[in-house]
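Student: To start, I am sharing the structure in question, which I have written as structure tokens.
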Amino acid sequence: MKQLTMILIGLGALLCTGRAAAQHTLGATGGYGSGNCRLYPVQERRPVWGCYTGGLSWRYYGPQRILGGFGVDLEFLQRGFSYVPNASAFDDPSKYLWYTRRVNSLVLPVLWQPHVYLFRNRLRIFIDAAAYFSYNLSATYVNEPAMTIPEDQRTSPARGKYRFRNERDNRWGYGLAGGGGIAVLVDRLEFSIRARYYFGYSDLMRNRNKYANNATDGAENPFSQTPLRSPLDNLTVSVGIAYRFNRRGFAEWEHQRVKREKHKESFNYKQPKK
């Protein structure tokens with residue numbers, strides 16, 4: 001968390017520095033989407049909908065057209081997965097009993113955002129390309145197979161707060177993210193809507209070589225052995241509002257494309273007559 005604090009302090013210093021501050025925006029976003037986990041060995045799974053996200057966004061825009069800007073987001077992102085622990089025991093998929101876990105994470109995407117302006121700089125179309133780092137704050141679970149056991153015979157609750165254990169779980173994560181959206185500029189405010197996909201590379205759970213005995217975990221952990229791979233993915237749609245630190249606009253708007261001069265002389269392909 002110390003690294004995140006230093007980054008935020010650095011961003012604040014940039015916003016307060018003379019001429020460079022004119023090319024910055026600072027905003028807030030909020031959205032909704034789904035989460036999933038690429039479990040290996042492969043399991044019967046489904047997306048977890050109702051994953052909320054929200055946070056702050058900072059952008060710096062250089063004078064070059066099209067190249068867009070550099071930015072950092074600090075987001076709360078809810079992630080998760082849902083799978084059937086014993087799918088082979090069911091003949092009818094409609095009778096599946098699911099285990100679902102929701103993970104609350106703090107995510108820090110560092111991104112490049114190429115864009116174009118339209119309608120006299122009133123509309124901006126942009127693309128996001130980012131690498132992100134994350135920290136898992138907390139998690140909850142619902143174990144439907146455990147609910148079939150009478151309550152007085154359960155050794156642990158069938159739903160509740162998930163306990164993170166160092167030998168089983170990873171708190172830190174990383175991955176890539178990409179997407180795009182549109183923004184409408186009104187005076188010094190920018191209203192935007194975007195879609196973004198987070199593709200995880202790190203594993204949520206440590207692989208079975210480091211953790212195999214989960215006999216004391218209870219209903220919170222249904223895996224007989226933790227998966228070899230368990231990266232998390234998310235698809236979100238967010239809306240945002242940002243404030244531009246420059247009344248006149250960005251230097252990019254005044255940066256005109258250099259036109260190529262037409263050739264004053266042309267080559268005559270016809271052979272000269274003898």
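Each chain in the structure tokens gets a letter, A, B and so on, in the order shown; residues start at 1 in every chain, and ligands are counted from 1 in the order they appear.
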Just list the residues in segment 41-205 of chain A DSSP gives strand (DSSP E) on the backbone, as a PyMOL selection string.

Tutor: chain A and resi 45-46+48-61+69-83+99-113+115-118+123-143+159-161+172-186+189-200

Student: Output C-alpha atoms for every residue in the selection just made, as an mmCIF file, in the first residue's frame.

Tutor:
data_model
loop_
_atom_site.group_PDB
_atom_site.id
_atom_site.type_symbol
_atom_site.label_atom_id
_atom_site.label_comp_id
_atom_site.auth_asym_id
_atom_site.auth_seq_id
_atom_site.Cartn_x
_atom_site.Cartn_y
_atom_site.Cartn_z
ATOM 1 C CA ARG A 45 -18.424 -22.507 -14.564
ATOM 2 C CA ARG A 46 -20.516 -19.400 -15.264
ATOM 3 C CA VAL A 48 -20.684 -13.781 -11.857
ATOM 4 C CA TRP A 49 -22.863 -10.751 -12.641
ATOM 5 C CA GLY A 50 -23.382 -7.744 -10.407
ATOM 6 C CA CYS A 51 -19.682 -6.917 -10.016
ATOM 7 C CA TYR A 52 -19.401 -3.222 -9.224
ATOM 8 C CA THR A 53 -16.495 -0.899 -9.863
ATOM 9 C CA GLY A 54 -15.685 2.699 -9.040
ATOM 10 C CA GLY A 55 -12.685 4.937 -8.600
ATOM 11 C CA LEU A 56 -10.563 7.872 -9.707
ATOM 12 C CA SER A 57 -8.903 8.532 -13.058
ATOM 13 C CA TRP A 58 -6.047 10.861 -14.007
ATOM 14 C CA ARG A 59 -4.975 11.685 -17.560
ATOM 15 C CA TYR A 60 -2.207 13.700 -19.151
ATOM 16 C CA TYR A 61 -2.592 14.710 -22.814
ATOM 17 C CA GLY A 69 -2.599 10.540 -23.351
ATOM 18 C CA PHE A 70 -1.029 8.650 -20.507
ATOM 19 C CA GLY A 71 -3.081 7.850 -17.440
ATOM 20 C CA VAL A 72 -3.464 6.045 -14.138
ATOM 21 C CA ASP A 73 -6.676 4.774 -12.547
ATOM 22 C CA LEU A 74 -7.262 3.769 -8.944
ATOM 23 C CA GLU A 75 -10.322 1.522 -8.823
ATOM 24 C CA PHE A 76 -12.308 -0.636 -6.478
ATOM 25 C CA LEU A 77 -13.228 -3.675 -8.585
ATOM 26 C CA GLN A 78 -15.398 -6.582 -7.520
ATOM 27 C CA ARG A 79 -14.312 -9.831 -9.131
ATOM 28 C CA GLY A 80 -15.218 -13.474 -8.689
ATOM 29 C CA PHE A 81 -16.114 -16.875 -10.092
ATOM 30 C CA SER A 82 -18.810 -19.532 -9.898
ATOM 31 C CA TYR A 83 -18.316 -23.235 -10.639
ATOM 32 C CA TYR A 99 -19.977 -22.532 -5.424
ATOM 33 C CA THR A 100 -19.618 -18.756 -5.867
ATOM 34 C CA ARG A 101 -16.931 -16.436 -4.561
ATOM 35 C CA ARG A 102 -16.809 -12.639 -4.882
ATOM 36 C CA VAL A 103 -13.467 -10.902 -4.391
ATOM 37 C CA ASN A 104 -13.149 -7.193 -3.582
ATOM 38 C CA SER A 105 -9.958 -5.793 -5.099
ATOM 39 C CA LEU A 106 -8.069 -2.538 -5.378
ATOM 40 C CA VAL A 107 -6.809 -2.216 -8.971
ATOM 41 C CA LEU A 108 -4.233 0.197 -10.403
ATOM 42 C CA PRO A 109 -4.254 0.275 -14.245
ATOM 43 C CA VAL A 110 -1.455 2.237 -15.936
ATOM 44 C CA LEU A 111 -2.669 2.969 -19.448
ATOM 45 C CA TRP A 112 -2.105 4.559 -22.825
ATOM 46 C CA GLN A 113 -5.170 6.137 -24.401
ATOM 47 C CA HIS A 115 -7.961 9.079 -29.271
ATOM 48 C CA VAL A 116 -9.479 11.310 -31.924
ATOM 49 C CA TYR A 117 -11.616 14.447 -31.572
ATOM 50 C CA LEU A 118 -14.718 15.134 -33.647
ATOM 51 C CA LEU A 123 -16.651 14.543 -28.974
ATOM 52 C CA ARG A 124 -13.720 12.287 -28.169
ATOM 53 C CA ILE A 125 -13.396 8.634 -29.189
ATOM 54 C CA PHE A 126 -10.702 6.734 -27.301
ATOM 55 C CA ILE A 127 -9.086 3.314 -26.865
ATOM 56 C CA ASP A 128 -7.629 1.991 -23.610
ATOM 57 C CA ALA A 129 -4.522 -0.214 -23.483
ATOM 58 C CA ALA A 130 -3.289 -0.905 -19.948
ATOM 59 C CA ALA A 131 -1.254 -3.059 -17.614
ATOM 60 C CA TYR A 132 -2.638 -3.322 -14.101
ATOM 61 C CA PHE A 133 -1.656 -4.380 -10.600
ATOM 62 C CA SER A 134 -4.164 -5.430 -7.957
ATOM 63 C CA TYR A 135 -4.553 -6.234 -4.277
ATOM 64 C CA ASN A 136 -7.366 -8.434 -2.934
ATOM 65 C CA LEU A 137 -8.950 -6.732 0.073
ATOM 66 C CA SER A 138 -11.649 -9.227 1.085
ATOM 67 C CA ALA A 139 -14.010 -11.885 -0.254
ATOM 68 C CA THR A 140 -17.321 -13.632 0.402
ATOM 69 C CA TYR A 141 -18.602 -17.059 -0.636
ATOM 70 C CA VAL A 142 -21.819 -19.033 -1.130
ATOM 71 C CA ASN A 143 -21.582 -22.851 -1.156
ATOM 72 C CA ARG A 159 -22.033 -18.738 3.217
ATOM 73 C CA GLY A 160 -20.099 -15.903 4.730
ATOM 74 C CA LYS A 161 -16.788 -14.074 4.751
ATOM 75 C CA TRP A 172 -1.384 -9.508 -5.144
ATOM 76 C CA GLY A 173 -2.154 -9.821 -8.836
ATOM 77 C CA TYR A 174 -1.404 -8.372 -12.256
ATOM 78 C CA GLY A 175 -2.667 -8.510 -15.830
ATOM 79 C CA LEU A 176 -3.635 -6.556 -18.932
ATOM 80 C CA ALA A 177 -6.733 -4.505 -19.718
ATOM 81 C CA GLY A 178 -8.183 -3.069 -22.909
ATOM 82 C CA GLY A 179 -11.307 -1.373 -24.173
ATOM 83 C CA GLY A 180 -12.641 1.890 -25.453
ATOM 84 C CA GLY A 181 -15.374 4.469 -25.258
ATOM 85 C CA ILE A 182 -16.646 7.915 -26.110
ATOM 86 C CA ALA A 183 -16.644 11.205 -24.225
ATOM 87 C CA VAL A 184 -18.654 14.397 -24.631
ATOM 88 C CA LEU A 185 -16.948 17.672 -23.683
ATOM 89 C CA VAL A 186 -19.091 20.394 -22.116
ATOM 90 C CA LEU A 189 -16.213 18.896 -18.002
ATOM 91 C CA GLU A 190 -15.980 15.594 -19.852
ATOM 92 C CA PHE A 191 -18.762 12.990 -19.599
ATOM 93 C CA SER A 192 -17.736 9.535 -20.767
ATOM 94 C CA ILE A 193 -18.882 5.962 -21.134
ATOM 95 C CA ARG A 194 -16.467 3.093 -21.640
ATOM 96 C CA ALA A 195 -16.220 -0.700 -21.812
ATOM 97 C CA ARG A 196 -13.120 -2.431 -20.490
ATOM 98 C CA TYR A 197 -11.957 -6.045 -20.245
ATOM 99 C CA TYR A 198 -9.476 -7.084 -17.554
ATOM 100 C CA PHE A 199 -7.415 -10.168 -18.461
ATOM 101 C CA GLY A 200 -5.609 -11.655 -15.472
#

Student: Env of segment 41-44 of chain A: 12 Å cut, atoms = only C-alpha atoms, seq-sep filter 2 positions within chain, self excluded. Answer as a VMD selection string.

Tutor: chain A and resid 36 to 39 46 to 47 81 to 88 90 93 96 to 99 207 to 208 223 225 to 230

Student: Any idea what the distance is between atom CA of Asp203 of chain A and atom CA of Ser224 of chain A?

Tutor: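 Distance between the two atoms: 17.1 Å.
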
Student: Run DSSP on the backbone and tell me which residues of segment 73-179 of chain A come out as helix (DSSP H, G or I); list them as a PyMOL selection string.

Tutor: chain A and resi 87-89+93-95+144-147+151-153

Student: With C-alpha atoms kept, could you save the residues just selected as a short mmCIF file (atom, residue, chain, number, x, y, z; two decimals), in the first residue's frame?

Tutor:
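Saved result, part-v4.cif, follows:
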data_model
loop_
_atom_site.label_atom_id
_atom_site.label_comp_id
_atom_site.auth_asym_id
_atom_site.auth_seq_id
_atom_site.Cartn_x
_atom_site.Cartn_y
_atom_site.Cartn_z
CA ALA A 87 -20.65 -31.55 -12.21
CA SER A 88 -20.28 -35.22 -13.17
CA ALA A 89 -22.84 -36.18 -10.50
CA PRO A 93 -27.46 -29.05 -15.86
CA SER A 94 -30.48 -27.18 -14.48
CA LYS A 95 -29.91 -28.99 -11.15
CA GLU A 144 -24.83 -24.39 -2.47
CA PRO A 145 -23.68 -28.04 -2.04
CA ALA A 146 -23.05 -27.33 1.65
CA MET A 147 -26.60 -25.98 1.97
CA GLU A 151 -27.70 -26.89 9.48
CA ASP A 152 -27.12 -28.72 12.76
CA GLN A 153 -24.72 -31.10 10.98
#

Student: One number please: atom CA of Asn214 of chain A to atom CA of Pro157 of chain A, in Å, one decimal.

Tutor: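 These atoms are spaced 15.9 Å apart.
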